[in-house]
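coords_36.txt, holding compact mmCIF, C-alpha atoms:
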# COMPACT_ATOMS: atom_id res chain seq x y z
CA MET A 7 -88.46 -31.47 -67.51
CA ASN A 8 -90.64 -34.51 -67.85
CA GLN A 9 -94.33 -34.50 -68.77
CA LYS A 10 -95.58 -34.54 -65.19
CA GLU A 11 -93.43 -31.53 -64.23
CA LEU A 12 -94.50 -29.66 -67.36
CA ASN A 13 -98.17 -30.31 -66.62
CA GLU A 14 -97.69 -29.02 -63.07
CA ILE A 15 -96.48 -25.66 -64.42
CA ARG A 16 -99.09 -25.55 -67.18
CA ARG A 17 -101.86 -25.86 -64.61
CA ARG A 18 -100.67 -22.63 -63.00
CA MET A 19 -101.46 -20.59 -66.12
CA THR A 20 -104.82 -19.36 -64.85
CA PRO A 21 -105.53 -16.06 -63.02
CA ASN A 22 -106.48 -17.79 -59.75
CA LYS A 23 -103.59 -20.28 -59.57
CA SER A 24 -100.48 -18.30 -60.51
CA ASN A 25 -98.71 -15.53 -58.63
CA ILE A 26 -98.33 -13.48 -61.79
CA SER A 27 -99.27 -9.93 -60.86
CA LYS A 28 -98.14 -8.01 -63.94
CA ILE A 29 -97.74 -8.53 -67.67
CA TYR A 30 -94.84 -6.71 -69.32
CA GLY A 31 -94.02 -6.40 -72.98
CA CYS A 32 -93.68 -4.27 -76.07
CA TYR A 33 -95.36 -4.01 -79.46
CA VAL A 34 -92.89 -4.13 -82.37
CA ASN A 35 -93.49 -3.25 -86.01
CA SER A 36 -92.00 -4.89 -89.11
CA ASN A 37 -89.22 -2.26 -89.18
CA LYS A 38 -87.96 -3.46 -85.76
CA ALA A 39 -89.20 -0.32 -84.02
CA ILE A 40 -91.06 -0.42 -80.69
CA ILE A 41 -94.50 1.16 -81.16
CA SER A 42 -95.55 0.95 -77.52
CA TYR A 43 -94.71 -0.65 -74.18
CA LEU A 44 -96.96 -2.82 -72.06
CA GLU A 45 -97.06 -2.88 -68.24
CA GLU A 46 -100.44 -4.06 -67.02
CA SER A 47 -101.56 -5.24 -63.58
CA LEU A 48 -103.68 -8.38 -63.80
CA GLY A 49 -105.65 -7.36 -60.71
CA ILE A 50 -107.29 -4.36 -62.42
CA MET A 51 -107.78 -5.93 -65.86
CA PRO A 52 -111.20 -6.95 -67.16
CA GLN A 53 -111.66 -10.69 -66.68
CA LEU A 54 -111.66 -11.43 -70.42
CA GLU A 55 -108.34 -9.66 -71.01
CA MET A 56 -106.73 -11.33 -68.01
CA GLU A 57 -107.77 -14.76 -69.21
CA GLN A 58 -106.53 -14.06 -72.74
CA TYR A 59 -103.06 -13.07 -71.52
CA MET A 60 -102.89 -16.27 -69.49
CA VAL A 61 -103.92 -18.28 -72.56
CA PHE A 62 -101.02 -16.79 -74.53
CA LEU A 63 -98.55 -17.61 -71.75
CA LYS A 64 -99.87 -21.17 -71.48
CA LYS A 65 -99.54 -21.58 -75.25
CA ALA A 66 -95.80 -20.94 -74.86
CA LEU A 67 -95.73 -24.20 -72.85
CA SER A 68 -97.92 -26.18 -75.25
CA GLY A 69 -97.20 -29.00 -77.66
CA SER A 70 -95.02 -32.06 -77.21
CA LEU A 71 -91.72 -32.31 -75.38
CA GLY A 72 -88.99 -32.88 -77.92
CA LYS A 73 -91.09 -31.48 -80.77
CA ASN A 74 -92.63 -28.08 -80.00
CA LEU A 75 -90.76 -27.85 -76.69
CA VAL A 76 -87.00 -28.39 -76.76
CA ASP A 77 -84.32 -28.09 -74.10
CA ILE A 78 -81.79 -25.29 -74.38
CA VAL A 79 -78.70 -26.22 -72.36
CA PHE A 80 -76.25 -23.68 -70.96
CA SER A 81 -72.62 -24.62 -70.43
CA THR A 82 -71.09 -24.44 -66.96
CA GLN A 83 -69.04 -21.45 -68.11
CA GLN A 84 -72.18 -19.60 -69.25
CA VAL A 85 -73.91 -20.15 -65.91
CA HIS A 86 -70.87 -18.92 -63.98
CA ASP A 87 -70.08 -15.89 -66.13
CA SER A 88 -71.91 -14.84 -69.31
CA ASP A 89 -73.95 -11.83 -70.37
CA GLU A 90 -76.87 -13.94 -71.61
CA HIS A 91 -77.28 -15.92 -68.39
CA ARG A 92 -76.72 -12.83 -66.25
CA LEU A 93 -79.50 -10.98 -68.09
CA LEU A 94 -82.02 -13.81 -67.65
CA THR A 95 -81.08 -14.13 -63.99
CA SER A 96 -81.57 -10.40 -63.40
CA LEU A 97 -85.04 -10.60 -64.97
CA ILE A 98 -85.96 -13.39 -62.54
CA ASN A 99 -84.38 -11.82 -59.44
CA SER A 100 -86.19 -8.52 -60.04
CA ALA A 101 -89.46 -10.27 -60.95
CA LEU A 102 -89.21 -8.26 -64.22
CA LYS A 103 -89.27 -4.94 -62.33
CA ASP A 104 -85.81 -3.99 -63.62
CA ALA A 105 -86.75 -1.72 -66.56
CA ALA A 106 -83.17 -1.56 -67.89
CA ALA A 107 -82.94 -5.36 -67.97
CA ARG A 108 -86.30 -5.60 -69.74
CA GLU A 109 -85.20 -3.06 -72.36
CA GLN A 110 -81.93 -4.92 -72.93
CA PHE A 111 -83.89 -8.15 -73.42
CA TYR A 112 -86.37 -6.53 -75.82
CA GLN A 113 -83.54 -5.17 -77.97
CA LYS A 114 -81.83 -8.55 -78.10
CA VAL A 115 -85.02 -10.13 -79.37
CA ILE A 116 -85.92 -7.34 -81.79
CA GLN A 117 -82.50 -7.10 -83.43
CA SER A 118 -82.28 -10.86 -83.97
CA LEU A 119 -85.80 -12.10 -84.63
CA ASP A 120 -87.05 -12.59 -88.18
CA MET A 121 -90.87 -12.53 -88.20
CA GLU A 122 -91.19 -12.12 -91.99
CA ASP A 123 -92.38 -8.49 -92.14
CA CYS A 124 -94.95 -9.07 -89.41
CA ASN A 125 -95.75 -6.88 -86.40
CA TYR A 126 -95.52 -8.76 -83.11
CA LEU A 127 -96.01 -8.51 -79.37
CA ILE A 128 -93.35 -9.62 -76.86
CA LEU A 129 -94.96 -10.73 -73.59
CA LEU A 130 -93.11 -11.35 -70.32
CA ALA A 131 -94.45 -12.67 -67.02
CA SER A 132 -92.82 -13.66 -63.74
CA ASP A 133 -94.19 -16.26 -61.35
CA ALA A 134 -93.16 -17.57 -57.91
CA TYR A 135 -94.48 -21.06 -57.18
CA ASP A 136 -94.60 -22.42 -53.63
CA VAL A 137 -93.90 -26.01 -54.66
CA PRO A 138 -96.06 -28.37 -52.58
CA TYR A 139 -94.45 -31.49 -51.17
CA ARG A 140 -95.13 -34.72 -53.06
CA GLY A 141 -95.21 -37.80 -50.83
CA LYS A 142 -94.01 -41.32 -51.57
CA ASP A 143 -97.56 -42.21 -52.61
CA ASP A 144 -97.29 -39.44 -55.27
CA GLU A 145 -99.96 -37.42 -53.48
CA ILE A 146 -99.38 -33.67 -53.26
CA GLN A 147 -99.54 -32.08 -49.80
CA VAL A 148 -100.55 -28.49 -50.53
CA ASP A 149 -99.72 -27.15 -47.06
CA ALA A 150 -96.23 -28.69 -47.02
CA SER A 151 -93.96 -26.50 -49.13
CA ASP A 152 -90.26 -25.85 -48.57
CA THR A 153 -89.27 -24.65 -52.09
CA VAL A 154 -90.16 -21.53 -54.04
CA PHE A 155 -89.66 -21.90 -57.79
CA LYS A 156 -89.15 -18.51 -59.47
CA TYR A 157 -89.29 -18.40 -63.25
CA ILE A 158 -90.19 -16.23 -66.23
CA ILE A 159 -92.21 -16.99 -69.34
CA CYS A 160 -91.80 -15.20 -72.65
CA ALA A 161 -94.26 -15.40 -75.55
CA VAL A 162 -93.80 -13.77 -78.96
CA CYS A 163 -97.19 -13.28 -80.60
CA PRO A 164 -97.76 -12.11 -84.20
CA VAL A 165 -100.17 -9.19 -84.64
CA ARG A 166 -102.18 -9.43 -87.83
CA ASP A 167 -104.88 -7.43 -89.61
CA GLY A 168 -108.42 -8.59 -88.90
CA LYS A 169 -110.65 -9.93 -91.68
CA PRO A 170 -113.51 -7.79 -93.03
CA GLU A 171 -116.87 -8.88 -91.60
CA LEU A 172 -120.50 -7.83 -91.75
CA GLY A 173 -121.85 -6.37 -88.50
CA TYR A 174 -125.13 -4.95 -87.19
CA PHE A 175 -125.12 -1.29 -86.09
CA SER A 176 -128.03 -0.83 -83.68
CA GLY A 177 -128.11 2.96 -83.88
CA GLU A 178 -128.73 2.84 -87.63
CA ASN A 179 -130.66 -0.44 -87.62
CA GLU A 180 -128.49 -1.53 -90.53
CA PHE A 181 -125.72 -3.96 -91.39
CA HIS A 182 -122.35 -2.60 -92.49
CA GLY A 183 -118.96 -4.02 -93.32
CA TYR A 184 -116.19 -3.46 -90.78
CA ALA A 185 -112.81 -4.94 -89.87
CA THR A 186 -110.99 -5.28 -86.58
CA LYS A 187 -107.71 -3.53 -87.31
CA GLN A 188 -105.20 -5.55 -85.27
CA ILE A 189 -105.56 -9.06 -83.84
CA VAL A 190 -103.01 -10.65 -81.51
CA ALA A 191 -102.47 -14.28 -82.56
CA PRO A 192 -101.23 -17.15 -80.34
CA PRO A 193 -97.44 -17.19 -79.89
CA GLU A 194 -95.14 -18.40 -82.64
CA LEU A 195 -92.30 -18.93 -80.16
CA GLY A 196 -91.40 -18.41 -76.54
CA PHE A 197 -89.54 -19.92 -73.61
CA MET A 198 -89.53 -20.63 -69.90
CA PHE A 199 -86.44 -20.11 -67.72
CA PRO A 200 -85.26 -21.82 -65.64
CA THR A 201 -86.78 -25.27 -66.13
CA PHE A 202 -88.64 -27.17 -63.42
CA ASP A 203 -86.51 -30.34 -63.08
CA ALA A 204 -87.08 -32.72 -60.18
CA ARG A 205 -89.64 -30.09 -59.10
CA ALA A 206 -86.93 -27.47 -58.52
CA ALA A 207 -85.13 -24.78 -60.54
CA ASN A 208 -82.55 -25.96 -63.06
CA ILE A 209 -80.58 -22.84 -64.05
CA TYR A 210 -78.64 -24.82 -66.65
CA ASN A 211 -81.71 -25.26 -68.86
CA ALA A 212 -84.41 -23.25 -70.59
CA LEU A 213 -87.45 -24.74 -72.30
CA PHE A 214 -87.91 -23.25 -75.77
CA TYR A 215 -91.27 -23.29 -77.60
CA SER A 216 -91.83 -23.20 -81.36
CA LYS A 217 -95.32 -23.48 -82.82
CA ASN A 218 -93.92 -24.68 -86.14
CA THR A 219 -91.81 -27.82 -85.60
CA ALA A 220 -90.03 -27.19 -88.90
CA GLN A 221 -88.93 -23.68 -87.92
CA ILE A 222 -87.11 -23.39 -84.62
CA HIS A 223 -85.92 -19.75 -84.94
CA HIS A 224 -82.18 -20.34 -84.65
CA GLU A 225 -81.55 -16.59 -84.71
CA PHE A 226 -83.61 -16.06 -81.54
CA ILE A 227 -81.87 -18.91 -79.70
CA ASP A 228 -78.43 -17.64 -80.66
CA ALA A 229 -79.18 -14.08 -79.53
CA VAL A 230 -81.02 -14.82 -76.26
CA PHE A 231 -79.22 -17.97 -75.10
CA HIS A 232 -76.03 -17.80 -77.19
CA THR A 233 -76.07 -21.57 -77.64
CA LYS A 234 -76.27 -23.81 -80.68
CA ALA A 235 -79.90 -24.49 -81.48
CA PRO A 236 -80.93 -28.14 -81.48
CA MET A 237 -82.30 -29.67 -84.67
CA SER A 238 -86.01 -29.16 -85.19
CA ALA A 239 -88.22 -32.26 -85.14
CA ASP A 240 -88.57 -32.12 -88.93
CA GLU A 241 -84.81 -31.80 -89.39
CA GLN A 242 -84.21 -34.79 -87.11
CA LYS A 243 -86.61 -36.94 -89.14
CA GLU A 244 -85.12 -35.94 -92.52
CA THR A 245 -81.56 -36.43 -91.26
CA PHE A 246 -82.32 -39.84 -89.75
CA GLN A 247 -83.97 -41.03 -92.97
CA SER A 248 -81.04 -39.79 -95.04
CA VAL A 249 -78.43 -41.41 -92.77
CA LEU A 250 -80.32 -44.72 -92.79
CA ALA A 251 -80.69 -44.81 -96.59
CA ASP A 252 -77.08 -43.76 -97.28
CA SER A 253 -75.63 -46.22 -94.77
CA LEU A 254 -77.56 -49.26 -95.97
CA ALA A 255 -77.18 -48.41 -99.68
CA ASP A 256 -78.36 -51.44 -101.69
CA GLY A 257 -79.31 -53.18 -98.43
CA CYS A 258 -82.02 -50.58 -97.75
CA SER A 259 -84.84 -53.03 -98.47
CA TYR A 260 -88.54 -52.78 -97.75
CA ASP A 261 -88.30 -55.52 -95.12
CA VAL A 262 -85.53 -53.74 -93.19
CA ILE A 263 -87.22 -50.33 -93.19
CA GLN A 264 -90.56 -51.88 -92.26
CA ALA A 265 -88.89 -53.67 -89.32
CA VAL A 266 -87.18 -50.46 -88.14
CA HIS A 267 -90.49 -48.55 -88.28
CA GLU A 268 -92.44 -51.32 -86.56
CA GLN A 269 -89.99 -51.91 -83.71
CA ILE A 270 -89.58 -48.20 -82.97
CA ARG A 271 -93.39 -47.82 -83.11
CA GLU A 272 -93.72 -50.66 -80.59
CA ARG A 273 -91.43 -48.79 -78.19
CA ILE A 274 -93.56 -45.66 -78.55
CA GLU A 275 -96.80 -47.57 -77.94
CA HIS A 276 -95.34 -49.41 -74.94
CA HIS A 277 -94.14 -46.12 -73.44
CA LYS A 278 -97.60 -44.61 -73.94
CA GLU A 279 -99.31 -47.60 -72.27
CA ARG A 280 -97.04 -47.34 -69.21
CA LYS A 281 -97.86 -43.60 -68.93
CA ASP A 282 -94.23 -42.94 -68.10
CA PRO A 283 -93.76 -39.16 -67.50
CA ASP A 284 -90.08 -39.34 -68.51
CA SER A 285 -89.29 -38.85 -72.18
CA LEU A 286 -88.72 -41.87 -74.41
CA ASP A 287 -85.21 -41.96 -75.88
CA ILE A 288 -83.46 -43.99 -78.56
CA THR A 289 -79.80 -44.09 -79.57
CA SER A 290 -77.98 -45.12 -82.74
CA ARG A 291 -76.88 -48.22 -80.80
CA ASP A 292 -80.55 -49.16 -80.25
CA VAL A 293 -81.30 -48.77 -83.96
CA GLY A 294 -78.14 -50.75 -84.75
CA GLN A 295 -79.51 -53.66 -82.72
CA ILE A 296 -82.75 -53.53 -84.73
CA LEU A 297 -80.73 -53.59 -87.97
CA GLN A 298 -78.62 -56.49 -86.73
CA SER A 299 -81.68 -58.55 -85.81
CA ASN A 300 -82.92 -58.10 -89.38
CA GLY A 301 -79.78 -59.37 -91.08
CA VAL A 302 -77.98 -56.10 -91.88
CA PRO A 303 -74.18 -56.71 -92.09
CA GLN A 304 -72.09 -55.35 -89.23
CA GLU A 305 -70.07 -53.17 -91.63
CA GLN A 306 -73.18 -51.24 -92.67
CA ILE A 307 -74.34 -50.92 -89.07
CA GLN A 308 -70.96 -49.42 -88.20
CA VAL A 309 -71.31 -46.91 -91.05
CA PHE A 310 -74.80 -46.00 -89.83
CA GLN A 311 -73.61 -45.36 -86.27
CA GLU A 312 -70.66 -43.27 -87.47
CA LYS A 313 -72.92 -41.12 -89.67
CA CYS A 314 -75.34 -40.66 -86.76
CA GLY A 315 -72.41 -39.44 -84.66
CA GLU A 316 -71.47 -36.93 -87.36
CA GLU A 317 -75.01 -35.58 -87.75
CA PHE A 318 -76.42 -35.79 -84.22
CA GLY A 319 -73.30 -35.87 -82.08
CA ASP A 320 -71.52 -38.74 -80.36
CA GLU A 321 -73.78 -40.77 -78.07
CA ALA A 322 -76.70 -38.57 -79.15
CA VAL A 323 -80.10 -39.43 -77.68
CA LEU A 324 -83.06 -38.99 -80.03
CA ASN A 325 -86.80 -38.79 -79.50
CA PRO A 326 -88.35 -41.75 -81.40
CA ARG A 327 -91.43 -39.64 -82.17
CA ASN A 328 -89.18 -37.24 -84.09
CA ILE A 329 -87.61 -39.85 -86.37
CA ILE A 330 -90.72 -41.82 -87.38
CA ASP A 331 -94.42 -41.09 -87.67
CA SER A 332 -95.95 -43.85 -85.58
CA SER A 333 -99.47 -42.99 -86.77
CA LYS A 334 -98.94 -43.93 -90.43
CA PHE A 335 -96.99 -46.15 -92.78
CA GLU A 336 -96.65 -44.99 -96.39
CA LEU A 337 -95.20 -46.44 -99.57
CA VAL A 338 -94.66 -43.99 -102.44
CA THR A 339 -93.73 -44.63 -106.06
CA PRO A 340 -93.53 -41.94 -108.77
CA GLN A 341 -97.12 -42.77 -109.71
CA VAL A 342 -98.82 -44.25 -106.62
CA LYS A 343 -99.03 -43.58 -102.88
CA ILE A 344 -100.18 -46.36 -100.53
CA SER A 345 -101.09 -45.57 -96.92
CA VAL A 346 -101.27 -48.50 -94.49
CA ASP A 347 -102.33 -48.72 -90.86
CA PRO A 348 -98.93 -49.19 -89.12
CA GLU A 349 -100.34 -52.12 -87.16
CA TYR A 350 -100.82 -54.01 -90.44
CA SER A 351 -97.68 -53.00 -92.31
CA TYR A 352 -96.54 -56.64 -92.17
CA MET A 353 -99.29 -57.51 -94.68
CA VAL A 354 -97.52 -55.61 -97.45
CA GLU A 355 -95.12 -57.68 -99.56
CA THR A 356 -92.61 -57.00 -102.28
CA LYS A 357 -92.16 -59.55 -105.05
CA MET A 358 -90.52 -59.98 -108.45
CA ILE A 359 -93.04 -61.17 -111.07
CA ASP A 360 -92.03 -61.74 -114.69
CA GLY A 361 -88.93 -59.62 -114.20
CA LYS A 362 -90.81 -56.65 -112.65
CA ARG A 363 -90.85 -55.53 -109.01
CA TYR A 364 -94.29 -55.30 -107.38
CA ILE A 365 -95.74 -54.13 -104.08
CA LEU A 366 -98.52 -56.53 -103.07
CA ILE A 367 -101.33 -56.03 -100.55
CA PRO A 368 -104.12 -58.50 -99.66
CA ALA A 369 -107.46 -57.57 -101.26
CA ASP A 370 -109.96 -60.30 -100.31
CA ASP A 371 -112.89 -58.38 -98.78
CA GLY A 372 -113.92 -54.83 -97.92
CA VAL A 373 -112.15 -53.17 -100.87
CA GLU A 374 -113.38 -49.68 -101.78
CA VAL A 375 -112.54 -47.46 -104.76
CA ASN A 376 -113.52 -43.82 -104.30
CA GLY A 377 -115.92 -44.89 -101.56
CA VAL A 378 -117.57 -47.63 -103.64
CA ASN A 379 -117.34 -51.28 -102.58
CA VAL A 380 -115.75 -53.38 -105.33
CA LYS A 381 -114.98 -57.04 -105.89
CA ILE A 382 -111.59 -58.22 -107.07
CA ALA A 383 -111.83 -60.84 -109.82
CA ARG A 384 -110.40 -64.26 -108.94
CA ASP A 385 -108.57 -64.60 -112.30
Here is a file; write its structure as structure tokens.
Amino acid sequence: MNQKELNEIRRRMTPNKSNISKIYGCYVNSNKAIISYLEESLGIMPQLEMEQYMVFLKKALSGSLGKNLVDIVFSTQQVHDSDEHRLLTSLINSALKDAAAREQFYQKVIQSLDMEDCNYLILLASDAYDVPYRGKDDEIQVDASDTVFKYIICAVCPVRDGKPELGYFSGENEFHGYATKQIVAPPELGFMFPTFDARAANIYNALFYSKNTAQIHHEFIDAVFHTKAPMSADEQKETFQSVLADSLADGCSYDVIQAVHEQIRERIEHHKERKDPDSLDITSRDVGQILQSNGVPQEQIQVFQEKCGEEFGDEAVLNPRNIIDSSKFELVTPQVKISVDPEYSYMVETKMIDGKRYILIPADDGVEVNGVNVKIARD
């Protein structure tokens, strides 16, 4: 799914735009036991409750593609004949009305998921979207629809104890302390299946959501999709940095790393300016070209590309936003941390003075120390 397709589905997550008629789910305690089941019709819910359920479902489609939202890819064999794909398909085909299929899904999640001794709520919803025709001018024709996109959304929401508060009790005309016993928090993880690719169902993919980009819940992915979980965004960044440093060895200079950061950042900014809905990708070959243009020997570039193949897979395509932070540029020594606007990273220099290595930054005007304007002595 690209950003435009994702936004099209996100916009449906309101009571008056979706065809979601019921919310299904179960409440699970920290001992992996189901406390209660949920089967609620949206049409008879109070407005506030209805809107809150839709907020939770929409949250399971929130965040950035490639970071919070990652593609889960089924093999051809899985799609043709596998228990995991068959179960998801039966949930869609029955619009979640198959109680046995729902129970089987709940048990898969409960037995695998590690929520760190926390109670949680599993939510399921089914939607059928009459996909409007999009013309060559990119305008949507609402009355022209020849495709119905059927999909399910799952959200796993922690349930936590409320905080003690002071409240006014009108009958007694007094204030007393009280606490809401159980509060449902926004989802920690979830998924949508199938994905909405080229504005149609792609049964080979699911879109998995993780609130924490450092924790992708491998155990959930293995149990529900039975596929190898992709690296989290944080893991991708750490692995890329490690591969780059190990491959360049003594050639891992400030100038080279600054150039890699700057040229990848320029790609990100250019992609943002063009408002391209398709995801921005980068390969080890692209990074190799950046290294080559900055004087890195071909032997080290070859080592870098081989290590990338070992860690990310041959011909792996990475999200540039996962391997660098385009919003900051930092230099860290054991004693000092320097943060520089990435646009001005070129102003930082490294130099050997009297046998010692220094990091130099211009300090002519506008220098502040702890919020106080200071002047730098000329001598």
For atom CA of A:Cys258 and atom CA of A:Ser333, the interatomic separation in Å (one decimal):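 The value is 22.0 Å.
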Residue nearest A:Val76 among A:Met7, A:Ala229, A:Cys163, A:Ile189 (counting all atoms listed in the file):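 The answer is A:Met7, which sits nearest to A:Val76.
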Residue neighbourhood stretch 41-47 of chain A, 7 Å, only C-alpha atoms, exclusion window fewer than 3 positions, as a ChimeraX atom specification: /A:27-35,50-51
May I have a table of the residues of stretch 33-89 of chain A lying at most 8 Å from stretch 11-21 of chain A, giving each one's closest pair of atoms and their distance in Å to one decimal, counting all atoms listed in the file, ordered by chain and ascending residue number, as a Markdown table?
| residue | atom | partner | partner_atom | distance |
| --- | --- | --- | --- | --- |
| A:Leu48 | CA | A:Pro21 | CA | 7.9 |
| A:Met56 | CA | A:Pro21 | CA | 7.0 |
| A:Glu57 | CA | A:Pro21 | CA | 6.7 |
| A:Met60 | CA | A:Met19 | CA | 5.7 |
| A:Val61 | CA | A:Met19 | CA | 7.3 |
| A:Leu63 | CA | A:Met19 | CA | 7.0 |
| A:Lys64 | CA | A:Met19 | CA | 5.6 |
| A:Leu67 | CA | A:Arg16 | CA | 6.7 |
Distance of atom CA of A:Ser132 from atom CA of A:His86, expressed in Å to one decimal place: 22.6 Å
Distance in Å - atom CA of A:Phe155 versus atom CA of A:Phe80: 18.9 Å
Leaving out A:Pro326 and any residue of its chain fewer than 2 positions from it, which residues lie within 9 Å of it when counting all atoms listed in the file, given as a short mmCIF file (atom, residue, chain, number, x, y, z; two decimals) with C-alpha atoms, in the frame of the given file?
data_model
loop_
_atom_site.label_atom_id
_atom_site.label_comp_id
_atom_site.auth_asym_id
_atom_site.auth_seq_id
_atom_site.Cartn_x
_atom_site.Cartn_y
_atom_site.Cartn_z
CA ILE A 270 -89.58 -48.20 -82.97
CA ARG A 271 -93.39 -47.82 -83.11
CA ARG A 273 -91.43 -48.79 -78.19
CA ILE A 274 -93.56 -45.66 -78.55
CA LEU A 286 -88.72 -41.87 -74.41
CA ASP A 287 -85.21 -41.96 -75.88
CA ILE A 288 -83.46 -43.99 -78.56
CA LEU A 324 -83.06 -38.99 -80.03
CA ASN A 328 -89.18 -37.24 -84.09
CA ILE A 329 -87.61 -39.85 -86.37
CA ILE A 330 -90.72 -41.82 -87.38
CA ASP A 331 -94.42 -41.09 -87.67
CA SER A 332 -95.95 -43.85 -85.58
#
What are the closest atom pairs, with distances in Å to one decimal, for all residues of stretch 201-287 of chain A lying within 12 Å of stretch 338-362 of chain A? Consider only C-alpha atoms, order rows by chain and residue number, and present the result as a Markdown table.
| residue | atom | partner | partner_atom | distance |
| --- | --- | --- | --- | --- |
| A:Ser259 | CA | A:Thr356 | CA | 9.5 |
| A:Tyr260 | CA | A:Thr356 | CA | 7.4 |
| A:Asp261 | CA | A:Glu355 | CA | 8.4 |
| A:Val262 | CA | A:Tyr352 | CA | 11.4 |
| A:Ile263 | CA | A:Ser351 | CA | 10.8 |
| A:Gln264 | CA | A:Ser351 | CA | 7.2 |
| A:Ala265 | CA | A:Tyr352 | CA | 8.7 |
| A:Val266 | CA | A:Ser351 | CA | 11.6 |
| A:His267 | CA | A:Pro348 | CA | 8.5 |
| A:Glu268 | CA | A:Pro348 | CA | 7.3 |
| A:Gln269 | CA | A:Pro348 | CA | 10.8 |
| A:Ile270 | CA | A:Pro348 | CA | 11.2 |
| A:Arg271 | CA | A:Pro348 | CA | 8.3 |
| A:Glu272 | CA | A:Glu349 | CA | 9.4 |
| A:Glu275 | CA | A:Glu349 | CA | 10.9 |
Counting all atoms listed in the file, the option among A:Leu254, A:Glu194, A:Phe335, A:Ile116 closest to A:Pro303: A:Leu254
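Between A:Gly72 and the candidates A:Val380, A:Ile365, A:Leu195, A:Leu213, the tightest atom-to-atom separation, counting only C-alpha atoms, involves A:Leu213.
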Neighbour list for A:Asn37 as a PyMOL selection string, cut-off 12 Å, all atoms listed in the file, skip fewer than 4 positions in-chain: chain A and resi 33+41+116-117+119-126
Requested write-out: C-alpha atoms of the selected residues, as an mmCIF file, in the coordinates of the input:
data_model
loop_
_atom_site.group_PDB
_atom_site.id
_atom_site.type_symbol
_atom_site.label_atom_id
_atom_site.label_comp_id
_atom_site.auth_asym_id
_atom_site.auth_seq_id
_atom_site.Cartn_x
_atom_site.Cartn_y
_atom_site.Cartn_z
ATOM 1 C CA TYR A 33 -95.360 -4.010 -79.460
ATOM 2 C CA ILE A 41 -94.500 1.160 -81.160
ATOM 3 C CA ILE A 116 -85.920 -7.340 -81.790
ATOM 4 C CA GLN A 117 -82.500 -7.100 -83.430
ATOM 5 C CA LEU A 119 -85.800 -12.100 -84.630
ATOM 6 C CA ASP A 120 -87.050 -12.590 -88.180
ATOM 7 C CA MET A 121 -90.870 -12.530 -88.200
ATOM 8 C CA GLU A 122 -91.190 -12.120 -91.990
ATOM 9 C CA ASP A 123 -92.380 -8.490 -92.140
ATOM 10 C CA CYS A 124 -94.950 -9.070 -89.410
ATOM 11 C CA ASN A 125 -95.750 -6.880 -86.400
ATOM 12 C CA TYR A 126 -95.520 -8.760 -83.110
#
9 Å contact set for A:Cys160, all atoms listed in the file, chain neighbours under 6 positions out, as a list in words: Leu63, Ala66, Ile128, Leu129, Leu130, Ala131, Leu195, Gly196, Phe197, Met198 and Phe199 of chain A
Could those residues be written to a file, using C-alpha atoms, as a PDB file, keeping the file's coordinate frame?
ATOM      1  CA  LEU A  63     -98.550 -17.610 -71.750  1.00  0.00           C
ATOM      2  CA  ALA A  66     -95.800 -20.940 -74.860  1.00  0.00           C
ATOM      3  CA  ILE A 128     -93.350  -9.620 -76.860  1.00  0.00           C
ATOM      4  CA  LEU A 129     -94.960 -10.730 -73.590  1.00  0.00           C
ATOM      5  CA  LEU A 130     -93.110 -11.350 -70.320  1.00  0.00           C
ATOM      6  CA  ALA A 131     -94.450 -12.670 -67.020  1.00  0.00           C
ATOM      7  CA  LEU A 195     -92.300 -18.930 -80.160  1.00  0.00           C
ATOM      8  CA  GLY A 196     -91.400 -18.410 -76.540  1.00  0.00           C
ATOM      9  CA  PHE A 197     -89.540 -19.920 -73.610  1.00  0.00           C
ATOM     10  CA  MET A 198     -89.530 -20.630 -69.900  1.00  0.00           C
ATOM     11  CA  PHE A 199     -86.440 -20.110 -67.720  1.00  0.00           C
TER      12      PHE A 199
END
Output as a tab-separated table (two decimals), in the frame of the given file: stretch 170-177 of chain A, completed with N, CA and C atoms.
chain	number	residue	atom	x	y	z
A	170	PRO	N	-112.27	-8.55	-92.90
A	170	PRO	CA	-113.51	-7.79	-93.03
A	170	PRO	C	-114.72	-8.68	-92.72
A	171	GLU	N	-115.66	-8.14	-91.96
A	171	GLU	CA	-116.87	-8.88	-91.60
A	171	GLU	C	-118.08	-7.96	-91.72
A	172	LEU	N	-119.25	-8.58	-91.69
A	172	LEU	CA	-120.50	-7.83	-91.75
A	172	LEU	C	-121.06	-7.76	-90.34
A	173	GLY	N	-121.36	-6.53	-89.86
A	173	GLY	CA	-121.85	-6.37	-88.50
A	173	GLY	C	-123.10	-5.52	-88.44
A	174	TYR	N	-123.88	-5.69	-87.37
A	174	TYR	CA	-125.13	-4.95	-87.19
A	174	TYR	C	-124.86	-3.72	-86.32
A	175	PHE	N	-125.28	-2.55	-86.81
A	175	PHE	CA	-125.12	-1.29	-86.09
A	175	PHE	C	-126.51	-0.88	-85.58
A	176	SER	N	-126.69	-1.02	-84.26
A	176	SER	CA	-128.03	-0.83	-83.68
A	176	SER	C	-128.55	0.59	-83.83
A	177	GLY	N	-127.65	1.57	-83.76
A	177	GLY	CA	-128.11	2.96	-83.88
A	177	GLY	C	-128.71	3.26	-85.24
